[in-house]
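See below for query-v9.cif, which holds mmCIF, C-alpha atoms.
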```cif
data_input
#
loop_
_atom_site.label_atom_id
_atom_site.label_comp_id
_atom_site.auth_asym_id
_atom_site.auth_seq_id
_atom_site.Cartn_x
_atom_site.Cartn_y
_atom_site.Cartn_z
CA MET A 1 4.35 19.84 -13.24
CA LYS A 2 5.93 23.24 -13.95
CA GLN A 3 3.31 25.76 -12.98
CA ASP A 4 2.93 29.03 -11.10
CA ILE A 5 -0.21 28.44 -9.07
CA PRO A 6 0.18 25.98 -6.20
CA ALA A 7 -2.22 23.04 -6.24
CA ASP A 8 -4.35 22.37 -3.20
CA VAL A 9 -3.44 18.71 -3.45
CA VAL A 10 -0.69 16.83 -5.24
CA LEU A 11 -1.29 13.19 -5.95
CA SER A 12 2.13 11.52 -6.04
CA VAL A 13 1.89 8.31 -8.08
CA THR A 14 3.88 5.62 -9.82
CA LYS A 15 1.05 5.29 -12.27
CA LEU A 16 -2.58 6.33 -12.31
CA ARG A 17 -4.66 3.29 -11.38
CA PRO A 18 -8.46 3.20 -11.04
CA ASP A 19 -7.99 4.04 -7.34
CA GLU A 20 -6.13 7.26 -8.10
CA LYS A 21 -8.60 8.17 -10.86
CA LEU A 22 -11.40 7.94 -8.32
CA LEU A 23 -9.43 10.14 -5.95
CA LEU A 24 -8.83 12.70 -8.69
CA GLU A 25 -12.52 12.84 -9.58
CA ALA A 26 -13.57 13.14 -5.95
CA LEU A 27 -11.07 15.92 -5.22
CA ARG A 28 -12.04 17.92 -8.30
CA ALA A 29 -15.73 17.42 -7.54
CA ARG A 30 -15.08 19.21 -4.25
CA GLY A 31 -13.50 22.17 -6.01
CA LEU A 32 -9.90 21.44 -5.09
CA THR A 33 -7.10 21.99 -7.58
CA VAL A 34 -5.15 18.77 -8.01
CA SER A 35 -1.90 17.94 -9.77
CA VAL A 36 -0.75 14.43 -10.56
CA ALA A 37 2.96 14.08 -9.90
CA LEU A 38 5.29 11.43 -11.26
CA ARG A 39 8.73 11.14 -9.73
CA ARG A 40 10.32 13.90 -11.82
CA ASP A 41 7.44 16.22 -10.96
CA ILE A 42 8.27 15.70 -7.30
CA GLY A 43 11.82 16.61 -8.30
CA ASP A 44 10.52 19.90 -9.77
CA LEU A 45 8.72 20.57 -6.52
CA LEU A 46 11.79 19.85 -4.39
CA ASN A 47 13.99 21.91 -6.73
CA GLY A 48 11.74 24.95 -6.52
CA ALA A 49 10.51 24.70 -10.12
CA ALA A 50 6.95 24.19 -8.90
CA PRO A 51 5.28 25.91 -5.95
CA PRO A 52 4.65 23.81 -2.83
CA PRO A 53 1.08 22.49 -2.64
CA GLY A 54 -1.22 22.46 0.35
CA VAL A 55 -0.89 18.74 0.96
CA VAL A 56 0.47 15.69 -0.84
CA LEU A 57 -1.22 12.32 -0.98
CA VAL A 58 1.58 9.79 -1.46
CA ARG A 59 0.26 6.88 -3.55
CA ASN A 60 3.54 5.60 -4.97
CA LEU A 61 3.58 1.84 -5.35
CA SER A 62 7.27 1.51 -4.55
CA HIS A 63 7.82 1.60 -0.80
CA ARG A 64 11.27 3.05 -1.36
CA ASP A 65 9.91 5.88 -3.49
CA ALA A 66 6.99 6.58 -1.18
CA ALA A 67 9.22 6.90 1.88
CA SER A 68 11.86 8.90 0.05
CA ILE A 69 9.31 11.35 -1.35
CA ALA A 70 7.49 11.77 1.96
CA HIS A 71 10.70 12.46 3.89
CA ARG A 72 11.94 15.00 1.34
CA LEU A 73 8.61 16.77 1.29
CA GLU A 74 8.67 16.89 5.07
CA GLN A 75 12.04 18.66 4.95
CA LEU A 76 10.53 21.12 2.47
CA GLY A 77 7.73 21.81 4.91
CA VAL A 78 5.04 20.21 2.76
CA ALA A 79 2.49 18.08 4.59
CA THR A 80 1.62 14.56 3.50
CA LEU A 81 -1.69 13.00 4.44
CA ASN A 82 0.00 10.06 6.15
CA THR A 83 3.01 11.22 8.13
CA THR A 84 6.51 10.01 7.35
CA THR A 85 6.50 8.11 10.65
CA ALA A 86 3.30 6.31 9.66
CA ILE A 87 4.61 5.53 6.18
CA ASP A 88 7.86 4.13 7.59
CA LEU A 89 5.97 1.97 10.07
CA CYS A 90 3.60 0.69 7.43
CA HIS A 91 6.53 -0.39 5.25
CA ASP A 92 8.02 -2.56 7.98
CA LYS A 93 6.08 -5.44 9.52
CA GLY A 94 8.84 -5.90 12.09
CA LYS A 95 8.58 -2.35 13.42
CA GLN A 96 4.81 -2.73 13.54
CA ALA A 97 5.12 -5.96 15.53
CA LEU A 98 7.39 -4.28 18.07
CA LEU A 99 5.06 -1.27 18.30
CA PHE A 100 2.00 -3.43 18.86
CA GLN A 101 3.84 -5.53 21.41
CA SER A 102 5.09 -2.53 23.40
CA HIS A 103 1.60 -0.99 23.48
CA GLY A 104 -0.33 -4.16 24.25
CA VAL A 105 -2.22 -4.21 20.94
CA PRO A 106 -3.35 -7.78 20.17
CA HIS A 107 -1.07 -9.11 17.41
CA PRO A 108 0.19 -12.59 16.48
CA ARG A 109 3.36 -13.53 18.36
CA SER A 110 6.13 -12.21 16.13
CA PHE A 111 9.92 -12.27 16.18
CA HIS A 112 12.83 -11.07 14.08
CA GLY A 113 15.01 -13.68 12.40
CA PHE A 114 18.38 -12.30 11.35
CA ASP A 115 19.70 -15.58 9.96
CA ARG A 116 18.62 -19.15 9.37
CA SER A 117 19.97 -20.49 12.64
CA GLN A 118 18.05 -17.85 14.57
CA ILE A 119 14.88 -18.80 12.74
CA ARG A 120 15.50 -22.44 13.69
CA GLU A 121 15.76 -21.40 17.34
CA LEU A 122 12.53 -19.41 17.03
CA LEU A 123 10.75 -22.42 15.59
CA GLU A 124 11.34 -24.21 18.87
CA THR A 125 9.82 -21.30 20.76
CA ILE A 126 6.80 -20.81 18.51
CA GLY A 127 6.12 -24.39 17.42
CA TRP A 128 4.86 -25.57 14.02
CA PRO A 129 3.46 -24.18 11.86
CA VAL A 130 5.09 -20.77 11.56
CA VAL A 131 4.78 -18.00 9.02
CA VAL A 132 7.84 -16.27 7.63
CA LYS A 133 7.40 -12.86 6.00
CA PRO A 134 9.73 -10.38 4.36
CA LEU A 135 9.53 -7.21 6.45
CA SER A 136 8.33 -5.00 3.63
CA ALA A 137 6.56 -7.26 1.14
CA SER A 138 3.00 -6.66 0.00
CA TRP A 139 0.24 -8.52 -1.78
CA GLY A 140 1.30 -11.76 -0.05
CA SER A 141 4.56 -12.06 -1.97
CA GLY A 142 7.34 -13.95 -0.24
CA VAL A 143 5.08 -15.00 2.64
CA VAL A 144 5.41 -18.71 3.45
CA ARG A 145 3.86 -21.07 5.96
CA LEU A 146 6.31 -23.66 7.23
CA ALA A 147 4.40 -26.68 8.46
CA ASP A 148 7.28 -28.91 9.55
CA GLU A 149 11.01 -29.56 9.42
CA ALA A 150 10.84 -30.64 5.76
CA CYS A 151 9.20 -27.32 4.80
CA PHE A 152 11.84 -25.41 6.70
CA GLU A 153 14.66 -27.30 4.97
CA ALA A 154 13.05 -26.65 1.57
CA TRP A 155 12.66 -22.95 2.35
CA VAL A 156 16.27 -22.69 3.54
CA GLY A 157 17.46 -24.46 0.39
CA GLY A 158 15.46 -22.11 -1.82
CA CYS A 159 16.78 -19.06 0.02
CA GLU A 160 20.39 -20.25 -0.24
CA GLY A 161 19.92 -20.73 -3.96
CA ILE A 162 18.79 -17.18 -4.65
CA ASP A 163 20.16 -15.24 -1.69
CA ALA A 164 23.53 -16.70 -0.74
CA ASN A 165 24.57 -13.51 1.07
CA GLY A 166 21.44 -13.36 3.20
CA ARG A 167 20.29 -9.95 2.00
CA MET A 168 16.67 -10.90 2.66
CA PHE A 169 17.26 -10.87 6.43
CA PRO A 170 15.92 -9.92 8.85
CA VAL A 171 12.54 -11.52 8.27
CA LEU A 172 9.49 -11.67 10.47
CA VAL A 173 8.83 -15.05 12.07
CA GLN A 174 5.25 -15.22 13.24
CA GLU A 175 2.92 -17.72 14.83
CA TYR A 176 0.43 -19.13 12.34
CA VAL A 177 -3.10 -17.86 12.90
CA ALA A 178 -5.79 -20.39 12.00
CA LYS A 179 -8.17 -17.98 10.28
CA PRO A 180 -11.80 -18.93 9.65
CA GLY A 181 -11.28 -18.77 5.87
CA TYR A 182 -11.09 -14.99 5.77
CA ASP A 183 -9.44 -11.97 7.28
CA LEU A 184 -10.82 -8.47 7.74
CA ARG A 185 -9.74 -5.25 6.07
CA VAL A 186 -10.97 -2.05 7.65
CA VAL A 187 -10.48 1.17 5.70
CA VAL A 188 -9.75 4.11 7.99
CA VAL A 189 -9.98 7.73 6.84
CA GLY A 190 -8.74 10.28 9.34
CA ASP A 191 -9.42 8.45 12.57
CA GLU A 192 -12.69 6.88 11.48
CA PRO A 193 -13.24 3.35 10.18
CA VAL A 194 -15.44 3.82 7.10
CA VAL A 195 -15.97 0.25 5.90
CA ALA A 196 -15.02 -3.31 6.80
CA ILE A 197 -14.73 -6.19 4.37
CA ARG A 198 -14.04 -9.86 4.70
CA ARG A 199 -11.43 -11.18 2.31
CA ARG A 200 -12.36 -14.81 1.83
CA SER A 201 -10.06 -17.32 0.20
CA ASP A 202 -9.43 -21.04 -0.08
CA ASP A 203 -5.74 -20.19 0.22
CA TRP A 204 -4.40 -19.56 3.75
CA ARG A 205 -3.27 -16.15 2.48
CA THR A 206 -6.25 -13.87 2.01
CA ASN A 207 -4.81 -11.11 -0.16
CA THR A 208 -7.14 -9.89 -2.91
CA HIS A 209 -4.10 -9.88 -5.20
CA LEU A 210 -4.05 -13.65 -4.75
CA GLY A 211 -7.73 -13.95 -5.65
CA ALA A 212 -9.53 -13.50 -2.31
CA ARG A 213 -13.21 -12.57 -2.66
CA VAL A 214 -14.56 -9.45 -0.99
CA GLU A 215 -17.67 -9.32 1.19
CA ARG A 216 -18.83 -6.30 3.16
CA THR A 217 -19.30 -6.91 6.84
CA GLU A 218 -20.56 -4.81 9.73
CA LEU A 219 -18.09 -2.70 11.64
CA THR A 220 -18.24 -4.09 15.14
CA ALA A 221 -17.30 -2.34 18.37
CA GLU A 222 -14.25 -4.60 18.64
CA MET A 223 -13.07 -3.63 15.14
CA ARG A 224 -13.58 0.05 15.94
CA LEU A 225 -11.61 -0.29 19.18
CA LEU A 226 -8.65 -2.00 17.51
CA CYS A 227 -8.60 0.54 14.70
CA ALA A 228 -8.70 3.37 17.23
CA ARG A 229 -5.73 1.84 19.04
CA ALA A 230 -3.83 1.57 15.75
CA VAL A 231 -4.66 5.16 14.80
CA ASP A 232 -3.44 6.29 18.22
CA LEU A 233 -0.05 4.81 17.30
CA PHE A 234 0.14 5.80 13.62
CA GLY A 235 -1.72 9.11 13.71
CA PRO A 236 -4.82 9.99 11.69
CA GLY A 237 -4.49 9.25 7.98
CA PHE A 238 -5.65 6.93 5.25
CA TYR A 239 -5.08 3.28 6.09
CA GLY A 240 -6.10 -0.26 5.34
CA ILE A 241 -5.96 -2.09 8.66
CA ASP A 242 -5.87 -5.87 8.48
CA LEU A 243 -7.46 -7.76 11.36
CA VAL A 244 -7.45 -11.51 11.91
CA GLU A 245 -9.50 -13.82 14.04
CA ASP A 246 -7.91 -16.97 15.44
CA THR A 247 -10.38 -19.84 15.48
CA ARG A 248 -8.45 -21.32 18.44
CA ALA A 249 -8.79 -18.20 20.60
CA ASP A 250 -11.20 -15.42 21.38
CA GLY A 251 -11.00 -12.01 19.82
CA LEU A 252 -9.45 -10.20 16.92
CA MET A 253 -5.85 -9.20 16.42
CA VAL A 254 -4.30 -6.43 14.36
CA LEU A 255 -2.19 -8.08 11.69
CA GLU A 256 -0.84 -5.00 9.95
CA VAL A 257 -1.53 -1.44 8.86
CA ASN A 258 -1.13 -0.39 5.23
CA ALA A 259 -0.47 3.22 4.23
CA ASN A 260 -1.49 2.96 0.58
CA PRO A 261 -4.69 0.91 0.61
CA GLU A 262 -6.33 -0.14 -2.63
CA PHE A 263 -10.07 0.35 -2.76
CA ALA A 264 -11.32 0.70 -6.34
CA ARG A 265 -12.24 -2.96 -6.83
CA SER A 266 -13.65 -3.50 -3.35
CA SER A 267 -15.68 -0.24 -3.48
CA VAL A 268 -17.70 -1.77 -6.31
CA GLN A 269 -18.63 -4.60 -3.91
CA HIS A 270 -19.25 -2.66 -0.70
CA GLY A 271 -20.61 0.59 -2.16
CA VAL A 272 -18.86 2.96 0.25
CA ASP A 273 -17.36 6.01 -1.45
CA VAL A 274 -13.84 5.67 -0.04
CA ALA A 275 -12.40 8.19 -2.52
CA GLY A 276 -15.04 10.72 -1.46
CA ARG A 277 -14.19 10.23 2.20
CA VAL A 278 -10.48 10.74 1.51
CA ALA A 279 -11.27 13.84 -0.56
CA ASP A 280 -13.35 15.22 2.33
CA LEU A 281 -10.41 14.71 4.67
CA LEU A 282 -8.07 16.44 2.23
CA CYS A 283 -10.52 19.36 1.96
CA GLN A 284 -10.39 19.62 5.73
CA ARG A 285 -6.58 19.49 5.77
CA THR A 286 -6.21 22.16 3.09
CA ALA A 287 -8.73 24.41 4.88
CA GLU A 288 -6.83 23.99 8.15
CA ARG A 289 -3.57 24.94 6.45
CA ALA A 290 -5.17 27.97 4.84
CA VAL A 291 -6.30 29.19 8.28
CA ALA A 292 -2.85 28.52 9.78
CA MET B 1 -9.30 17.14 -31.18
CA THR B 2 -7.07 14.10 -31.30
CA THR B 3 -3.48 13.74 -30.33
CA THR B 4 -1.00 11.40 -31.91
CA CYS B 5 1.62 9.35 -30.22
CA ASP B 6 3.29 6.16 -31.35
CA CYS B 7 4.15 2.94 -29.55
CA LEU B 8 7.75 3.02 -28.39
CA VAL B 9 8.21 -0.61 -29.41
CA CYS B 10 6.36 -1.13 -32.71
CA ASP B 11 5.46 2.43 -33.82
CA THR B 12 1.74 1.70 -33.96
CA ALA B 13 -0.32 4.82 -33.27
CA LEU B 14 -1.51 4.80 -29.65
CA GLU B 15 -5.05 5.75 -28.77
CA THR B 16 -4.47 8.92 -26.78
CA ARG B 17 -6.78 11.83 -25.98
CA PRO B 18 -6.06 15.43 -24.96
CA ASP B 19 -8.07 14.90 -21.77
CA MET B 20 -5.77 12.14 -20.57
CA GLU B 21 -4.19 12.47 -17.17
CA LYS B 22 -0.53 12.26 -16.40
CA GLY B 23 0.27 8.78 -15.14
CA GLU B 24 -2.45 7.05 -17.16
CA ILE B 25 -1.47 3.79 -18.78
CA VAL B 26 -1.97 3.31 -22.53
CA GLU B 27 -1.62 -0.15 -24.01
CA CYS B 28 -0.55 -0.59 -27.62
CA SER B 29 -3.33 -2.29 -29.55
CA SER B 30 -0.77 -4.04 -31.71
CA CYS B 31 2.02 -5.36 -29.47
CA GLY B 32 0.48 -4.86 -26.01
CA GLN B 33 3.31 -2.73 -24.65
CA GLU B 34 2.11 -0.52 -21.81
CA HIS B 35 3.04 3.16 -21.87
CA GLU B 36 2.67 5.82 -19.22
CA VAL B 37 1.48 9.32 -20.10
CA VAL B 38 4.15 11.72 -18.85
CA THR B 39 3.07 15.07 -20.30
CA VAL B 40 -0.27 16.32 -21.55
CA SER B 41 -1.15 19.52 -23.38
CA SER B 42 -4.10 20.53 -25.53
CA THR B 43 -2.27 19.31 -28.63
CA HIS B 44 0.23 16.78 -27.42
CA VAL B 45 0.53 13.70 -25.26
CA SER B 46 3.92 12.13 -24.67
CA VAL B 47 4.56 8.72 -23.22
CA GLU B 48 7.32 6.61 -21.77
CA MET B 49 7.50 2.88 -21.14
CA ALA B 50 5.19 2.09 -18.22
CA PRO B 51 6.95 1.18 -14.98
CA GLU B 52 7.13 -2.53 -14.30
CA VAL B 53 6.30 -4.19 -11.02
CA GLU B 54 9.22 -4.12 -8.59
CA GLU B 55 9.73 -6.21 -5.50
CA ASP B 56 8.99 -3.33 -3.14
CA TRP B 57 5.67 -2.45 -4.75
CA GLY B 58 2.55 -2.80 -2.67
CA GLU B 59 0.11 -1.28 -0.27
#
```
The structure in this file should be written as structure tokens.
Amino acid sequence: MKQDIPADVVLSVTKLRPDEKLLLEALRARGLTVSVALRRDIGDLLNGAAPPPGVVLVRNLSHRDAASIAHRLEQLGVATLNTTTAIDLCHDKGKQALLFQSHGVPHPRSFHGFDRSQIRELLETIGWPVVVKPLSASWGSGVVRLADEACFEAWVGGCEGIDANGRMFPVLVQEYVAKPGYDLRVVVVGDEPVVAIRRRSDDWRTNTHLGARVERTELTAEMRLLCARAVDLFGPGFYGIDLVEDTRADGLMVLEVNANPEFARSSVQHGVDVAGRVADLLCQRTAERAVA
Amino acid sequence: MTTTCDCLVCDTALETRPDMEKGEIVECSSCGQEHEVVTVSSTHVSVEMAPEVEEDWGE
């Protein structure tokens, strides 16, 4: 990325997926100069070999890389669309659970389990079934539903086999939410929810990476309210906010907020130009910085 | 104009174009190895092995 003229926007990526290609097209269509940056290009930027851009959109797939890049850019004085605080929160389901709890945002009852015996104690508090999640996993990986004592013993045995030193802990131990066959993903750009989809699956996990089907649904006042409460905590940015409905209770809950939402495949289904909305926000951010 | 670049595994010529973007993934038509475009100029595209999924990848 060695160049003399600073880009309006740098797109920091692990690789260029259809999502990032849509973002590139949308940004260029609005007349912004855009550079794609792989990790070493970010190194050039940090080392002074490339001029600092107006704003960076961090789209790295690795949570470790995304957080590391965002924090270093912050020290350099370069703005990222999602703040470092938001990125850190989005990478940790445990921190999110504590944040939601302390601010009264509806969220499934969640606890930290620092070892197996603590999880066993939590099981008595929560009752079967429970869901155990790695704090920073995505796409449904590592998420298990433990229905009874036999499941728990099997999970413990599996963990001991591959993680004798307990490096996977702490984990999030969460009450199981009996979803009505789908969850909701709301895409937020800035502070505005731009589209809501149902992710429907026969599996209890409703991640599209696990094959969930996408259906557009109306943005309700309740969805807008919960998203507004989440944005109040995370700051304006670009998010995929997951909401769940418990068939045994009234109302929606915020399950988690994602800082690097995928949208290319679902945009084909729902027809909302998510990339265009993000590009508009980045135009606004670069214009604001130019004035400042 | 075409650019030439070979598969890092089997040396088959990869289908690259001068209008490719950095970060694009190019799959070898022969062995299937994925490559990532790391530099692009009007006459040259260079690639490295594409990054593989790691446990901390995600949204």
Excluding stretch 22-32 of chain B and its own-chain neighbours fewer than 2 positions away, which residues fall within 8 Å of it when counting only C-alpha atoms? Please give them as a compact mmCIF listing (two decimals) with C-alpha atoms, keeping the file's coordinate frame.
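Printed below is selection12.txt as written:
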```txt
# COMPACT_ATOMS: atom_id res chain seq x y z
CA VAL A 13 1.89 8.31 -8.08
CA THR A 14 3.88 5.62 -9.82
CA LYS A 15 1.05 5.29 -12.27
CA LEU A 16 -2.58 6.33 -12.31
CA ARG A 17 -4.66 3.29 -11.38
CA VAL A 36 -0.75 14.43 -10.56
CA ALA A 37 2.96 14.08 -9.90
CA LEU A 38 5.29 11.43 -11.26
CA CYS B 7 4.15 2.94 -29.55
CA VAL B 9 8.21 -0.61 -29.41
CA CYS B 10 6.36 -1.13 -32.71
CA THR B 12 1.74 1.70 -33.96
CA ALA B 13 -0.32 4.82 -33.27
CA LEU B 14 -1.51 4.80 -29.65
CA GLU B 15 -5.05 5.75 -28.77
CA THR B 16 -4.47 8.92 -26.78
CA MET B 20 -5.77 12.14 -20.57
CA GLU B 34 2.11 -0.52 -21.81
CA HIS B 35 3.04 3.16 -21.87
CA GLU B 36 2.67 5.82 -19.22
CA VAL B 37 1.48 9.32 -20.10
CA VAL B 38 4.15 11.72 -18.85
CA THR B 39 3.07 15.07 -20.30
CA VAL B 40 -0.27 16.32 -21.55
CA ALA B 50 5.19 2.09 -18.22
```
So for stretch 26-39 of chain B, what box centre and size do we get, axis-aligned, 5 Å extra on each of the six sides, every listed atom, Å to one decimal, as JSON?
```
{"center_x": 0.4, "center_y": 4.9, "center_z": -25.3, "size_x": 17.5, "size_y": 30.4, "size_z": 22.9}
```
Legend entry - Contact set, chain A to chain B: 6 Å, all atoms listed in the file, as a PyMOL selection string: chain A and resi 15-16+61-63+138+258+260-261
Starting from the displayed file, determine the output of the PyMOL selection byres ((chain A and resi 169-181) around 6) and express the residue list as a PDB file with C-alpha atoms, in the frame of the given file.
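Once everything was written out, this is part_14.pdb:
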```pdb
ATOM      1  CA  ARG A 109       3.360 -13.530  18.360  1.00  0.00           C
ATOM      2  CA  SER A 110       6.130 -12.210  16.130  1.00  0.00           C
ATOM      3  CA  PHE A 111       9.920 -12.270  16.180  1.00  0.00           C
ATOM      4  CA  HIS A 112      12.830 -11.070  14.080  1.00  0.00           C
ATOM      5  CA  GLY A 113      15.010 -13.680  12.400  1.00  0.00           C
ATOM      6  CA  PHE A 114      18.380 -12.300  11.350  1.00  0.00           C
ATOM      7  CA  PRO A 129       3.460 -24.180  11.860  1.00  0.00           C
ATOM      8  CA  VAL A 130       5.090 -20.770  11.560  1.00  0.00           C
ATOM      9  CA  VAL A 131       4.780 -18.000   9.020  1.00  0.00           C
ATOM     10  CA  VAL A 132       7.840 -16.270   7.630  1.00  0.00           C
ATOM     11  CA  LYS A 133       7.400 -12.860   6.000  1.00  0.00           C
ATOM     12  CA  PRO A 134       9.730 -10.380   4.360  1.00  0.00           C
ATOM     13  CA  LEU A 135       9.530  -7.210   6.450  1.00  0.00           C
ATOM     14  CA  GLY A 166      21.440 -13.360   3.200  1.00  0.00           C
ATOM     15  CA  ARG A 167      20.290  -9.950   2.000  1.00  0.00           C
ATOM     16  CA  MET A 168      16.670 -10.900   2.660  1.00  0.00           C
ATOM     17  CA  TYR A 182     -11.090 -14.990   5.770  1.00  0.00           C
ATOM     18  CA  ARG A 200     -12.360 -14.810   1.830  1.00  0.00           C
ATOM     19  CA  SER A 201     -10.060 -17.320   0.200  1.00  0.00           C
ATOM     20  CA  GLU A 245      -9.500 -13.820  14.040  1.00  0.00           C
ATOM     21  CA  ASP A 246      -7.910 -16.970  15.440  1.00  0.00           C
ATOM     22  CA  THR A 247     -10.380 -19.840  15.480  1.00  0.00           C
TER      23      THR A 247
END
```
Inset, instruction - Would you work out the distance separating atom CA of A:Gly237 from atom CA of A:Gly140, expressed in Å to one decimal? - result: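 Pair atom CA of A:Gly237 / atom CA of A:Gly140 returns 23.2 Å.
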Legend entry - Shell around A:Ile69 at 10 Å using all atoms listed in the file, local window under 2 positions removed, as JSON, numbers by chain: {"A": [12, 39, 42, 43, 46, 56, 58, 60, 63, 64, 65, 66, 67, 71, 72, 73, 74, 80, 84]}
Inset, instruction - Measure the distance from atom CA of A:Gly161 to atom CA of A:Leu123 in Å and round it to one decimal. - result: 21.7 Å
Inset, instruction - Find the residues around A:Pro193 up to 8 Å (all atoms listed in the file counted), leave out those fewer than 5 positions away in its own chain, and share them as a PyMOL selection string. - result: chain A and resi 186-188+219+224+227
Tell me which residues the PyMOL selection byres ((chain A and resi 52) around 9) grabs here, as a PDB file with C-alpha atoms, in the frame of the given file.
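Below is the file that was written, part.pdb:
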```
ATOM      1  CA  PRO A   6       0.180  25.980  -6.200  1.00  0.00           C
ATOM      2  CA  ALA A   7      -2.220  23.040  -6.240  1.00  0.00           C
ATOM      3  CA  LEU A  45       8.720  20.570  -6.520  1.00  0.00           C
ATOM      4  CA  LEU A  46      11.790  19.850  -4.390  1.00  0.00           C
ATOM      5  CA  GLY A  48      11.740  24.950  -6.520  1.00  0.00           C
ATOM      6  CA  ALA A  50       6.950  24.190  -8.900  1.00  0.00           C
ATOM      7  CA  PRO A  51       5.280  25.910  -5.950  1.00  0.00           C
ATOM      8  CA  PRO A  53       1.080  22.490  -2.640  1.00  0.00           C
ATOM      9  CA  GLY A  54      -1.220  22.460   0.350  1.00  0.00           C
ATOM     10  CA  VAL A  55      -0.890  18.740   0.960  1.00  0.00           C
ATOM     11  CA  LEU A  76      10.530  21.120   2.470  1.00  0.00           C
ATOM     12  CA  GLY A  77       7.730  21.810   4.910  1.00  0.00           C
ATOM     13  CA  VAL A  78       5.040  20.210   2.760  1.00  0.00           C
TER      14      VAL A  78
END
```
Contacts of stretch 266-282 of chain A within 9 Å, all atoms listed in the file, excl. fewer than 3 positions in-chain, as a PDB file with C-alpha atoms, keeping the file's coordinate frame:
```
ATOM      1  CA  ASP A   8      -4.350  22.370  -3.200  1.00  0.00           C
ATOM      2  CA  VAL A   9      -3.440  18.710  -3.450  1.00  0.00           C
ATOM      3  CA  ASP A  19      -7.990   4.040  -7.340  1.00  0.00           C
ATOM      4  CA  GLU A  20      -6.130   7.260  -8.100  1.00  0.00           C
ATOM      5  CA  LEU A  22     -11.400   7.940  -8.320  1.00  0.00           C
ATOM      6  CA  LEU A  23      -9.430  10.140  -5.950  1.00  0.00           C
ATOM      7  CA  LEU A  24      -8.830  12.700  -8.690  1.00  0.00           C
ATOM      8  CA  GLU A  25     -12.520  12.840  -9.580  1.00  0.00           C
ATOM      9  CA  ALA A  26     -13.570  13.140  -5.950  1.00  0.00           C
ATOM     10  CA  LEU A  27     -11.070  15.920  -5.220  1.00  0.00           C
ATOM     11  CA  ARG A  28     -12.040  17.920  -8.300  1.00  0.00           C
ATOM     12  CA  ARG A  30     -15.080  19.210  -4.250  1.00  0.00           C
ATOM     13  CA  LEU A  32      -9.900  21.440  -5.090  1.00  0.00           C
ATOM     14  CA  VAL A  55      -0.890  18.740   0.960  1.00  0.00           C
ATOM     15  CA  LEU A  57      -1.220  12.320  -0.980  1.00  0.00           C
ATOM     16  CA  LEU A  81      -1.690  13.000   4.440  1.00  0.00           C
ATOM     17  CA  VAL A 187     -10.480   1.170   5.700  1.00  0.00           C
ATOM     18  CA  VAL A 189      -9.980   7.730   6.840  1.00  0.00           C
ATOM     19  CA  GLY A 190      -8.740  10.280   9.340  1.00  0.00           C
ATOM     20  CA  VAL A 194     -15.440   3.820   7.100  1.00  0.00           C
ATOM     21  CA  VAL A 195     -15.970   0.250   5.900  1.00  0.00           C
ATOM     22  CA  ALA A 196     -15.020  -3.310   6.800  1.00  0.00           C
ATOM     23  CA  ILE A 197     -14.730  -6.190   4.370  1.00  0.00           C
ATOM     24  CA  VAL A 214     -14.560  -9.450  -0.990  1.00  0.00           C
ATOM     25  CA  GLU A 215     -17.670  -9.320   1.190  1.00  0.00           C
ATOM     26  CA  ARG A 216     -18.830  -6.300   3.160  1.00  0.00           C
ATOM     27  CA  THR A 217     -19.300  -6.910   6.840  1.00  0.00           C
ATOM     28  CA  GLY A 237      -4.490   9.250   7.980  1.00  0.00           C
ATOM     29  CA  PHE A 238      -5.650   6.930   5.250  1.00  0.00           C
ATOM     30  CA  GLU A 262      -6.330  -0.140  -2.630  1.00  0.00           C
ATOM     31  CA  PHE A 263     -10.070   0.350  -2.760  1.00  0.00           C
ATOM     32  CA  ARG A 285      -6.580  19.490   5.770  1.00  0.00           C
ATOM     33  CA  THR A 286      -6.210  22.160   3.090  1.00  0.00           C
ATOM     34  CA  ALA A 287      -8.730  24.410   4.880  1.00  0.00           C
TER      35      ALA A 287
END
```
Legend entry - Long-range neighbours of A:Gly211 as an MDAnalysis selection string, 10 Å cut-off, all atoms listed in the file, 3 positions minimum in chain: chainID A and resid 199:203 205:208 214
C-alpha atoms of the current selection, written as a short mmCIF file (atom, residue, chain, number, x, y, z; two decimals), in the frame of the given file:
```cif
data_model
loop_
_atom_site.label_atom_id
_atom_site.label_comp_id
_atom_site.auth_asym_id
_atom_site.auth_seq_id
_atom_site.Cartn_x
_atom_site.Cartn_y
_atom_site.Cartn_z
CA ARG A 199 -11.43 -11.18 2.31
CA ARG A 200 -12.36 -14.81 1.83
CA SER A 201 -10.06 -17.32 0.20
CA ASP A 202 -9.43 -21.04 -0.08
CA ASP A 203 -5.74 -20.19 0.22
CA ARG A 205 -3.27 -16.15 2.48
CA THR A 206 -6.25 -13.87 2.01
CA ASN A 207 -4.81 -11.11 -0.16
CA THR A 208 -7.14 -9.89 -2.91
CA VAL A 214 -14.56 -9.45 -0.99
#
```
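Applied to this file, the PyMOL selection byres ((chain A and resi 241) around 7) selects the residues Arg185, Val186, Val187, Tyr239, Gly240, Asp242, Leu243, Glu256, Val257 and Asn258 of chain A.
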